[in-house]
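Below is one structure, written out as C-alpha cells; the observations come after it.
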Amino acid sequence: MLLLVGLGNPGNKYNNNRHNIGFMAVDEIVRRHNFSGPKTRFQSLTFEGRLGSEKILVLKPQTYMNLSGQAVGEAARFFKISPEDIFVFHDELDIPAAKIKFKTGGGHAGHNGLRSIDQHIGKDYHRIRMGIGHPGNKDQVHGHVLGDFAKADQDWIAPLLEALAFAADALTDPSGDTAGAKFLNKVGLRLKPNTK
C-alpha cells in the first residue's frame, strides 16, 4: 500500500490558498481515478483506490498544516507503511509557480507541514514539491502563502493538477527514486505533448 498525502488547511476559507495546492493535487487524483471516500479517520479525510495493481490510501490531514505529521504518523503506523511508500504533495515557495520537483528526504526548508511530518515519521519520505513562486520579499511570504491564487493562475493550475493526476500511476514504480523520474517525465509529456 502507498500513502499519498496532500497538505493544506481544512475549511472553506482556505480552499483556494496557495498553501492548499497539496489538497488540490490529491483531490484531482481521487476524482480522476474514482477513489472511494471520504472517510474521517486518522485526524484526516481519507480516500481509497488503486493505481494499477497498487492499493492507495489518500490522506488530507484536518489538523491544520503545522500538525500534519500527527495524522500522517497515525495512518502510517496503523497500516505499517514505511516512509519510502509515502508521497507528500505540498506547496514550495522556492520553486517558480507552475513548476514541480520530486525529492526524497532532506530538509523541510521552513515548511511547517513537512517539519511536523519529519518529527513523526523521519525524513525518508518522498515529496512532490509544487511551485507557488516567491513574492520577492520575505516580509510578504506569510500573506503570499496564505493568500488565494489569482484568477490568472488558473491558466496553469488546472493543467498541472490534471497532469499530476494523469501521471500518478508512475508513483507505483517499486523503486521510489525511479518513480519520481517516471512521474515527472509523464507530467511533462502531458503538459507539453508535442515537445520532442
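Just so we're on the same page: first chain in the C-alpha cells is A, next is B, and so on; residues restart at 1 for each chain, and ligands are numbered from 1 in the order they show up.
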inquiry  = Residues near A:Leu3, anyone? I mean within 10 Å using only C-alpha atoms, not counting same-chain ones fewer than 3 positions away, as a list of chain:residue names.
reply    = A:Gly6, A:Glu48, A:Lys55, A:Ile56, A:Leu57, A:Val58, A:Leu59, A:Val72, A:Ala75, A:Ala76, A:Phe79, A:Ile81, A:Ser82, A:Pro83, A:Glu84, A:Asp85, A:Ile86, A:Phe87, A:Val88
Please save C-alpha atoms of the selected residues as a compact mmCIF listing (two decimals), in the first residue's frame.
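Produced file part_27.txt, reproduced below:
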# COMPACT_ATOMS: atom_id res chain seq x y z
CA GLY A 6 -1.95 16.26 0.34
CA GLU A 48 -9.06 4.61 -1.07
CA LYS A 55 -3.64 -0.18 -3.29
CA ILE A 56 -3.58 3.54 -2.43
CA LEU A 57 -4.65 5.47 0.65
CA VAL A 58 -5.04 9.23 0.15
CA LEU A 59 -4.83 11.41 3.24
CA VAL A 72 0.46 11.01 8.71
CA ALA A 75 -2.06 6.34 9.36
CA ALA A 76 1.46 5.07 8.67
CA PHE A 79 -1.16 0.31 8.10
CA ILE A 81 3.50 1.93 5.79
CA SER A 82 7.20 2.77 5.67
CA PRO A 83 8.43 6.27 4.72
CA GLU A 84 9.63 5.06 1.29
CA ASP A 85 5.99 4.28 0.45
CA ILE A 86 4.76 7.77 1.42
CA PHE A 87 4.41 10.61 -1.11
CA VAL A 88 3.60 14.11 0.15
Q: Find the residues around stretch 98-109 of chain A up to 10 Å (only C-alpha atoms counted), leave out those fewer than 6 positions away in its own chain, and share them as a PyMOL selection string.
A: chain A and resi 83-84+86-92+115-118+122-133+153+155-157+159-161+164+176-177+179-181+183-184+187-188
Output C-alpha atoms for every residue in the selection just made, as a PDB file, in the first residue's frame.
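As a result, selection.pdb now contains:
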ATOM      1  CA  PRO A  83       8.427   6.266   4.716  1.00  0.00           C
ATOM      2  CA  GLU A  84       9.633   5.055   1.290  1.00  0.00           C
ATOM      3  CA  ILE A  86       4.759   7.770   1.419  1.00  0.00           C
ATOM      4  CA  PHE A  87       4.408  10.611  -1.109  1.00  0.00           C
ATOM      5  CA  VAL A  88       3.605  14.113   0.147  1.00  0.00           C
ATOM      6  CA  PHE A  89       2.190  16.782  -2.193  1.00  0.00           C
ATOM      7  CA  HIS A  90       2.927  20.306  -0.956  1.00  0.00           C
ATOM      8  CA  ASP A  91       3.474  23.925  -1.929  1.00  0.00           C
ATOM      9  CA  GLU A  92       7.046  25.172  -2.376  1.00  0.00           C
ATOM     10  CA  ARG A 115       8.603  19.897   9.702  1.00  0.00           C
ATOM     11  CA  SER A 116       5.716  18.190  11.508  1.00  0.00           C
ATOM     12  CA  ILE A 117       5.880  15.090   9.286  1.00  0.00           C
ATOM     13  CA  ASP A 118       9.660  14.848   9.866  1.00  0.00           C
ATOM     14  CA  GLY A 122      11.527  10.844   9.908  1.00  0.00           C
ATOM     15  CA  LYS A 123      12.726  12.396   6.643  1.00  0.00           C
ATOM     16  CA  ASP A 124      12.916   9.439   4.258  1.00  0.00           C
ATOM     17  CA  TYR A 125       9.584  10.001   2.515  1.00  0.00           C
ATOM     18  CA  HIS A 126       9.077  11.413  -0.983  1.00  0.00           C
ATOM     19  CA  ARG A 127       7.935  14.978  -1.669  1.00  0.00           C
ATOM     20  CA  ILE A 128       6.165  16.294  -4.752  1.00  0.00           C
ATOM     21  CA  ARG A 129       7.122  19.955  -4.495  1.00  0.00           C
ATOM     22  CA  MET A 130       4.707  22.228  -6.332  1.00  0.00           C
ATOM     23  CA  GLY A 131       5.996  25.718  -7.019  1.00  0.00           C
ATOM     24  CA  ILE A 132       3.923  28.695  -5.926  1.00  0.00           C
ATOM     25  CA  GLY A 133       6.674  31.254  -6.505  1.00  0.00           C
ATOM     26  CA  ASP A 153      -3.089  31.380 -12.026  1.00  0.00           C
ATOM     27  CA  ASP A 155      -4.316  29.021 -16.572  1.00  0.00           C
ATOM     28  CA  TRP A 156      -1.540  26.831 -15.161  1.00  0.00           C
ATOM     29  CA  ILE A 157      -3.142  25.275 -12.068  1.00  0.00           C
ATOM     30  CA  PRO A 159      -3.499  21.728 -16.471  1.00  0.00           C
ATOM     31  CA  LEU A 160      -0.854  20.989 -13.827  1.00  0.00           C
ATOM     32  CA  LEU A 161      -3.309  19.252 -11.479  1.00  0.00           C
ATOM     33  CA  LEU A 164      -0.326  15.179 -11.852  1.00  0.00           C
ATOM     34  CA  GLY A 176      10.815   5.351  -5.153  1.00  0.00           C
ATOM     35  CA  ASP A 177      13.654   7.168  -6.922  1.00  0.00           C
ATOM     36  CA  ALA A 179       9.102   6.504  -9.544  1.00  0.00           C
ATOM     37  CA  GLY A 180       9.980  10.170  -9.159  1.00  0.00           C
ATOM     38  CA  ALA A 181      11.748  10.383 -12.521  1.00  0.00           C
ATOM     39  CA  PHE A 183       6.319  10.650 -12.639  1.00  0.00           C
ATOM     40  CA  LEU A 184       7.972  13.954 -13.608  1.00  0.00           C
ATOM     41  CA  VAL A 187       3.716  15.043 -16.118  1.00  0.00           C
ATOM     42  CA  GLY A 188       5.998  16.868 -18.566  1.00  0.00           C
TER      43      GLY A 188
END
Looking only at strand (DSSP E) from DSSP on the backbone, list the matching residues of chain A as a PDB file with N, CA and C atoms, in the first residue's frame.
ATOM      1  N   LEU A   2       0.473   2.223  -0.826  1.00  0.00           N
ATOM      2  CA  LEU A   2       1.148   3.521  -0.829  1.00  0.00           C
ATOM      3  C   LEU A   2       0.249   4.547  -0.152  1.00  0.00           C
ATOM      4  N   LEU A   3       0.877   5.491   0.510  1.00  0.00           N
ATOM      5  CA  LEU A   3       0.156   6.588   1.155  1.00  0.00           C
ATOM      6  C   LEU A   3       0.460   7.880   0.408  1.00  0.00           C
ATOM      7  N   LEU A   4      -0.572   8.504  -0.170  1.00  0.00           N
ATOM      8  CA  LEU A   4      -0.431   9.807  -0.817  1.00  0.00           C
ATOM      9  C   LEU A   4      -1.040  10.847   0.088  1.00  0.00           C
ATOM     10  N   VAL A   5      -0.251  11.831   0.463  1.00  0.00           N
ATOM     11  CA  VAL A   5      -0.694  12.855   1.405  1.00  0.00           C
ATOM     12  C   VAL A   5      -0.735  14.208   0.714  1.00  0.00           C
ATOM     13  N   GLY A   6      -1.858  14.886   0.812  1.00  0.00           N
ATOM     14  CA  GLY A   6      -1.951  16.260   0.342  1.00  0.00           C
ATOM     15  C   GLY A   6      -1.914  17.182   1.546  1.00  0.00           C
ATOM     16  N   SER A  36     -12.776   5.825  -3.560  1.00  0.00           N
ATOM     17  CA  SER A  36     -13.925   5.905  -2.655  1.00  0.00           C
ATOM     18  C   SER A  36     -13.582   6.821  -1.477  1.00  0.00           C
ATOM     19  N   GLY A  37     -14.612   7.378  -0.873  1.00  0.00           N
ATOM     20  CA  GLY A  37     -14.413   8.254   0.277  1.00  0.00           C
ATOM     21  C   GLY A  37     -15.190   9.535   0.084  1.00  0.00           C
ATOM     22  N   PRO A  38     -15.060  10.472   1.009  1.00  0.00           N
ATOM     23  CA  PRO A  38     -14.105  10.431   2.122  1.00  0.00           C
ATOM     24  C   PRO A  38     -14.654   9.707   3.352  1.00  0.00           C
ATOM     25  N   LYS A  39     -13.709   9.138   4.114  1.00  0.00           N
ATOM     26  CA  LYS A  39     -13.979   8.665   5.467  1.00  0.00           C
ATOM     27  C   LYS A  39     -13.213   9.591   6.402  1.00  0.00           C
ATOM     28  N   THR A  40     -13.699   9.727   7.613  1.00  0.00           N
ATOM     29  CA  THR A  40     -12.986  10.539   8.603  1.00  0.00           C
ATOM     30  C   THR A  40     -12.273   9.606   9.577  1.00  0.00           C
ATOM     31  N   ARG A  41     -10.960   9.591   9.489  1.00  0.00           N
ATOM     32  CA  ARG A  41     -10.135   8.801  10.420  1.00  0.00           C
ATOM     33  C   ARG A  41      -8.707   9.315  10.354  1.00  0.00           C
ATOM     34  N   SER A  44      -8.059  12.902   9.676  1.00  0.00           N
ATOM     35  CA  SER A  44      -7.968  13.238   8.253  1.00  0.00           C
ATOM     36  C   SER A  44      -9.244  12.857   7.519  1.00  0.00           C
ATOM     37  N   LEU A  45      -9.354  13.384   6.305  1.00  0.00           N
ATOM     38  CA  LEU A  45     -10.270  12.814   5.331  1.00  0.00           C
ATOM     39  C   LEU A  45      -9.456  11.806   4.535  1.00  0.00           C
ATOM     40  N   THR A  46      -9.961  10.580   4.398  1.00  0.00           N
ATOM     41  CA  THR A  46      -9.218   9.552   3.679  1.00  0.00           C
ATOM     42  C   THR A  46     -10.035   9.034   2.496  1.00  0.00           C
ATOM     43  N   PHE A  47      -9.314   8.610   1.489  1.00  0.00           N
ATOM     44  CA  PHE A  47      -9.910   8.065   0.265  1.00  0.00           C
ATOM     45  C   PHE A  47      -9.104   6.822  -0.104  1.00  0.00           C
ATOM     46  N   GLU A  48      -9.757   5.831  -0.691  1.00  0.00           N
ATOM     47  CA  GLU A  48      -9.059   4.608  -1.067  1.00  0.00           C
ATOM     48  C   GLU A  48      -9.331   4.247  -2.512  1.00  0.00           C
ATOM     49  N   GLY A  49      -8.335   3.651  -3.135  1.00  0.00           N
ATOM     50  CA  GLY A  49      -8.493   3.218  -4.511  1.00  0.00           C
ATOM     51  C   GLY A  49      -7.263   2.462  -4.957  1.00  0.00           C
ATOM     52  N   ARG A  50      -7.136   2.324  -6.283  1.00  0.00           N
ATOM     53  CA  ARG A  50      -5.975   1.625  -6.839  1.00  0.00           C
ATOM     54  C   ARG A  50      -5.375   2.441  -7.975  1.00  0.00           C
ATOM     55  N   LEU A  51      -4.078   2.365  -8.082  1.00  0.00           N
ATOM     56  CA  LEU A  51      -3.362   2.863  -9.258  1.00  0.00           C
ATOM     57  C   LEU A  51      -2.666   1.627  -9.818  1.00  0.00           C
ATOM     58  N   GLU A  54      -1.673  -1.454  -7.444  1.00  0.00           N
ATOM     59  CA  GLU A  54      -1.255  -0.987  -6.119  1.00  0.00           C
ATOM     60  C   GLU A  54      -2.415  -0.338  -5.372  1.00  0.00           C
ATOM     61  N   LYS A  55      -2.615  -0.782  -4.132  1.00  0.00           N
ATOM     62  CA  LYS A  55      -3.642  -0.180  -3.290  1.00  0.00           C
ATOM     63  C   LYS A  55      -3.112   1.168  -2.769  1.00  0.00           C
ATOM     64  N   ILE A  56      -3.985   2.177  -2.799  1.00  0.00           N
ATOM     65  CA  ILE A  56      -3.582   3.537  -2.432  1.00  0.00           C
ATOM     66  C   ILE A  56      -4.505   4.080  -1.341  1.00  0.00           C
ATOM     67  N   LEU A  57      -3.900   4.704  -0.334  1.00  0.00           N
ATOM     68  CA  LEU A  57      -4.652   5.473   0.654  1.00  0.00           C
ATOM     69  C   LEU A  57      -4.265   6.938   0.467  1.00  0.00           C
ATOM     70  N   VAL A  58      -5.276   7.787   0.258  1.00  0.00           N
ATOM     71  CA  VAL A  58      -5.038   9.232   0.147  1.00  0.00           C
ATOM     72  C   VAL A  58      -5.461   9.880   1.458  1.00  0.00           C
ATOM     73  N   LEU A  59      -4.608  10.769   1.951  1.00  0.00           N
ATOM     74  CA  LEU A  59      -4.829  11.414   3.244  1.00  0.00           C
ATOM     75  C   LEU A  59      -4.846  12.926   3.072  1.00  0.00           C
ATOM     76  N   LYS A  60      -5.890  13.570   3.599  1.00  0.00           N
ATOM     77  CA  LYS A  60      -5.926  15.034   3.696  1.00  0.00           C
ATOM     78  C   LYS A  60      -6.041  15.389   5.178  1.00  0.00           C
ATOM     79  N   PRO A  61      -4.905  15.604   5.855  1.00  0.00           N
ATOM     80  CA  PRO A  61      -4.954  15.893   7.293  1.00  0.00           C
ATOM     81  C   PRO A  61      -5.862  17.095   7.587  1.00  0.00           C
ATOM     82  N   ILE A  86       5.576   6.580   1.139  1.00  0.00           N
ATOM     83  CA  ILE A  86       4.759   7.770   1.419  1.00  0.00           C
ATOM     84  C   ILE A  86       5.181   8.902   0.488  1.00  0.00           C
ATOM     85  N   PHE A  87       4.191   9.508  -0.174  1.00  0.00           N
ATOM     86  CA  PHE A  87       4.408  10.611  -1.109  1.00  0.00           C
ATOM     87  C   PHE A  87       3.586  11.810  -0.636  1.00  0.00           C
ATOM     88  N   VAL A  88       4.266  12.921  -0.386  1.00  0.00           N
ATOM     89  CA  VAL A  88       3.605  14.113   0.147  1.00  0.00           C
ATOM     90  C   VAL A  88       3.581  15.207  -0.919  1.00  0.00           C
ATOM     91  N   PHE A  89       2.386  15.690  -1.235  1.00  0.00           N
ATOM     92  CA  PHE A  89       2.190  16.782  -2.193  1.00  0.00           C
ATOM     93  C   PHE A  89       2.084  18.086  -1.411  1.00  0.00           C
ATOM     94  N   HIS A  90       2.942  19.054  -1.734  1.00  0.00           N
ATOM     95  CA  HIS A  90       2.927  20.306  -0.956  1.00  0.00           C
ATOM     96  C   HIS A  90       3.389  21.493  -1.790  1.00  0.00           C
ATOM     97  N   ASP A  91       3.049  22.678  -1.294  1.00  0.00           N
ATOM     98  CA  ASP A  91       3.474  23.925  -1.929  1.00  0.00           C
ATOM     99  C   ASP A  91       4.946  24.180  -1.626  1.00  0.00           C
ATOM    100  N   GLU A  92       5.620  24.867  -2.542  1.00  0.00           N
ATOM    101  CA  GLU A  92       7.046  25.172  -2.376  1.00  0.00           C
ATOM    102  C   GLU A  92       7.312  26.593  -2.839  1.00  0.00           C
ATOM    103  N   ILE A 100       7.172  21.800 -10.981  1.00  0.00           N
ATOM    104  CA  ILE A 100       7.189  20.811  -9.896  1.00  0.00           C
ATOM    105  C   ILE A 100       8.535  20.106  -9.864  1.00  0.00           C
ATOM    106  N   LYS A 101       8.885  19.635  -8.680  1.00  0.00           N
ATOM    107  CA  LYS A 101      10.103  18.863  -8.488  1.00  0.00           C
ATOM    108  C   LYS A 101       9.791  17.695  -7.564  1.00  0.00           C
ATOM    109  N   PHE A 102      10.634  16.687  -7.632  1.00  0.00           N
ATOM    110  CA  PHE A 102      10.468  15.489  -6.802  1.00  0.00           C
ATOM    111  C   PHE A 102      11.723  15.341  -5.957  1.00  0.00           C
ATOM    112  N   LYS A 103      11.538  15.041  -4.685  1.00  0.00           N
ATOM    113  CA  LYS A 103      12.691  14.939  -3.791  1.00  0.00           C
ATOM    114  C   LYS A 103      12.409  13.869  -2.749  1.00  0.00           C
ATOM    115  N   THR A 104      13.418  13.111  -2.403  1.00  0.00           N
ATOM    116  CA  THR A 104      13.294  12.136  -1.324  1.00  0.00           C
ATOM    117  C   THR A 104      14.202  12.573  -0.189  1.00  0.00           C
ATOM    118  N   HIS A 126       8.946  10.693   0.287  1.00  0.00           N
ATOM    119  CA  HIS A 126       9.077  11.413  -0.983  1.00  0.00           C
ATOM    120  C   HIS A 126       8.208  12.665  -0.961  1.00  0.00           C
ATOM    121  N   ARG A 127       8.698  13.719  -1.605  1.00  0.00           N
ATOM    122  CA  ARG A 127       7.935  14.978  -1.669  1.00  0.00           C
ATOM    123  C   ARG A 127       7.717  15.366  -3.123  1.00  0.00           C
ATOM    124  N   ILE A 128       6.477  15.687  -3.461  1.00  0.00           N
ATOM    125  CA  ILE A 128       6.165  16.294  -4.752  1.00  0.00           C
ATOM    126  C   ILE A 128       6.004  17.773  -4.450  1.00  0.00           C
ATOM    127  N   ARG A 129       7.013  18.540  -4.862  1.00  0.00           N
ATOM    128  CA  ARG A 129       7.122  19.955  -4.495  1.00  0.00           C
ATOM    129  C   ARG A 129       6.524  20.805  -5.611  1.00  0.00           C
ATOM    130  N   MET A 130       5.430  21.455  -5.314  1.00  0.00           N
ATOM    131  CA  MET A 130       4.707  22.228  -6.332  1.00  0.00           C
ATOM    132  C   MET A 130       4.956  23.718  -6.130  1.00  0.00           C
ATOM    133  N   GLY A 131       5.589  24.325  -7.129  1.00  0.00           N
ATOM    134  CA  GLY A 131       5.996  25.718  -7.019  1.00  0.00           C
ATOM    135  C   GLY A 131       4.824  26.683  -6.957  1.00  0.00           C
TER     136      GLY A 131
END
Closest of A:Met1, A:Leu189, A:Leu67, A:Leu7 to A:His120, counting only C-alpha atoms, is A:Leu67
Original post:
How many Å separate atom CA of A:Ala25 from atom CA of A:Met65?
Top reply: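 Separation between atom CA of A:Ala25 and atom CA of A:Met65: 15.5 Å.
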Check your understanding: Contacts of stretch 137-141 of chain A at 9 Å or less, counting only C-alpha atoms, minus same-chain residues fewer than 4 places along, as an MDAnalysis selection string?
Key -> chainID A and resid 93 145:146
Residues from last step as file, N, CA and C atoms, as a JSON list (two decimals), in the first residue's frame:
[["chain", "number", "residue", "atom", "x", "y", "z"],
["A", 93, "LEU", "N", 7.70, 27.45, -1.90],
["A", 93, "LEU", "CA", 7.98, 28.86, -2.18],
["A", 93, "LEU", "C", 9.16, 29.06, -3.13],
["A", 145, "VAL", "N", 1.67, 32.97, 0.91],
["A", 145, "VAL", "CA", 1.37, 31.55, 1.10],
["A", 145, "VAL", "C", -0.11, 31.35, 1.47],
["A", 146, "LEU", "N", -0.60, 32.19, 2.37],
["A", 146, "LEU", "CA", -1.98, 32.04, 2.84],
["A", 146, "LEU", "C", -2.97, 32.85, 2.00]]
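Close contacts of A:Gln62, defined as residues with an atom at most 6 Å away when counting only C-alpha atoms, with chain neighbours fewer than 2 positions off set aside, comprise Pro10, Gln43, Ser44 and Tyr64 of chain A.
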Atoms kept (N, CA and C atoms) for selection, written as a short mmCIF file (atom, residue, chain, number, x, y, z; two decimals), in the first residue's frame:
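Generated output (result-v9.cif):
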data_model
loop_
_atom_site.label_atom_id
_atom_site.label_comp_id
_atom_site.auth_asym_id
_atom_site.auth_seq_id
_atom_site.Cartn_x
_atom_site.Cartn_y
_atom_site.Cartn_z
N PRO A 10 -7.71 22.81 6.63
CA PRO A 10 -9.12 22.48 6.45
C PRO A 10 -10.00 23.73 6.52
N GLN A 43 -7.44 11.61 12.00
CA GLN A 43 -7.50 13.08 12.02
C GLN A 43 -7.47 13.64 10.60
N SER A 44 -8.06 12.90 9.68
CA SER A 44 -7.97 13.24 8.25
C SER A 44 -9.24 12.86 7.52
N TYR A 64 -4.81 21.11 10.56
CA TYR A 64 -4.09 22.32 10.17
C TYR A 64 -2.65 21.95 9.87
#
Margin query: When DSSP is applied to the backbone of this structure, which of stretch 17-174 of chain A are assigned alpha helix (DSSP H)? Write them out as a ChimeraX atom specification.
Written below: /A:21-32,68-79,112-121,141-145,154-167
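Separating atom CA of A:Phe35 from atom CA of A:Asn112 is a distance of 28.0 Å.
Separating atom CA of A:Gly143 from atom CA of A:Arg31 is a distance of 29.6 Å.
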- Message: Quick one: residues within 8 Å of A:Ala165, only C-alpha atoms, excluding same-chain residues fewer than 6 positions away - as a PyMOL selection string?
- Response: chain A and resi 25-26+28-29+32-33
Residues from the last selection, N, CA and C atoms, saved as a PDB file, in the first residue's frame:
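Output file out-v2.pdb is given in full below:
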ATOM      1  N   ALA A  25      -4.116  18.827  -5.359  1.00  0.00           N
ATOM      2  CA  ALA A  25      -3.488  17.759  -6.147  1.00  0.00           C
ATOM      3  C   ALA A  25      -4.113  16.398  -5.832  1.00  0.00           C
ATOM      4  N   VAL A  26      -4.243  16.080  -4.540  1.00  0.00           N
ATOM      5  CA  VAL A  26      -4.806  14.751  -4.219  1.00  0.00           C
ATOM      6  C   VAL A  26      -6.299  14.705  -4.529  1.00  0.00           C
ATOM      7  N   GLU A  28      -7.656  15.944  -7.131  1.00  0.00           N
ATOM      8  CA  GLU A  28      -7.730  15.629  -8.563  1.00  0.00           C
ATOM      9  C   GLU A  28      -7.384  14.157  -8.819  1.00  0.00           C
ATOM     10  N   ILE A  29      -6.434  13.603  -8.062  1.00  0.00           N
ATOM     11  CA  ILE A  29      -6.110  12.172  -8.182  1.00  0.00           C
ATOM     12  C   ILE A  29      -7.324  11.327  -7.798  1.00  0.00           C
ATOM     13  N   ARG A  32     -10.034  11.733 -10.600  1.00  0.00           N
ATOM     14  CA  ARG A  32      -9.694  11.097 -11.880  1.00  0.00           C
ATOM     15  C   ARG A  32      -9.723   9.577 -11.796  1.00  0.00           C
ATOM     16  N   HIS A  33      -9.297   9.034 -10.654  1.00  0.00           N
ATOM     17  CA  HIS A  33      -9.171   7.581 -10.531  1.00  0.00           C
ATOM     18  C   HIS A  33     -10.330   6.946  -9.749  1.00  0.00           C
TER      19      HIS A  33
END
Exercise for the section: Tell me, as number ranges by chain, which residues lie within 12 Å of A:Lys13, counting only C-alpha atoms; anything in the same chain fewer than 6 positions away does not count. Expected result: A: 19-20, 146-148
Taking C-alpha atoms for each residue, export the selection above as a compact mmCIF listing (two decimals), in the first residue's frame.
# COMPACT_ATOMS: atom_id res chain seq x y z
CA HIS A 19 -0.72 26.73 0.80
CA ASN A 20 -3.53 24.30 -0.14
CA LEU A 146 -1.98 32.04 2.84
CA GLY A 147 -3.35 34.20 0.03
CA ASP A 148 -5.63 32.86 -2.69
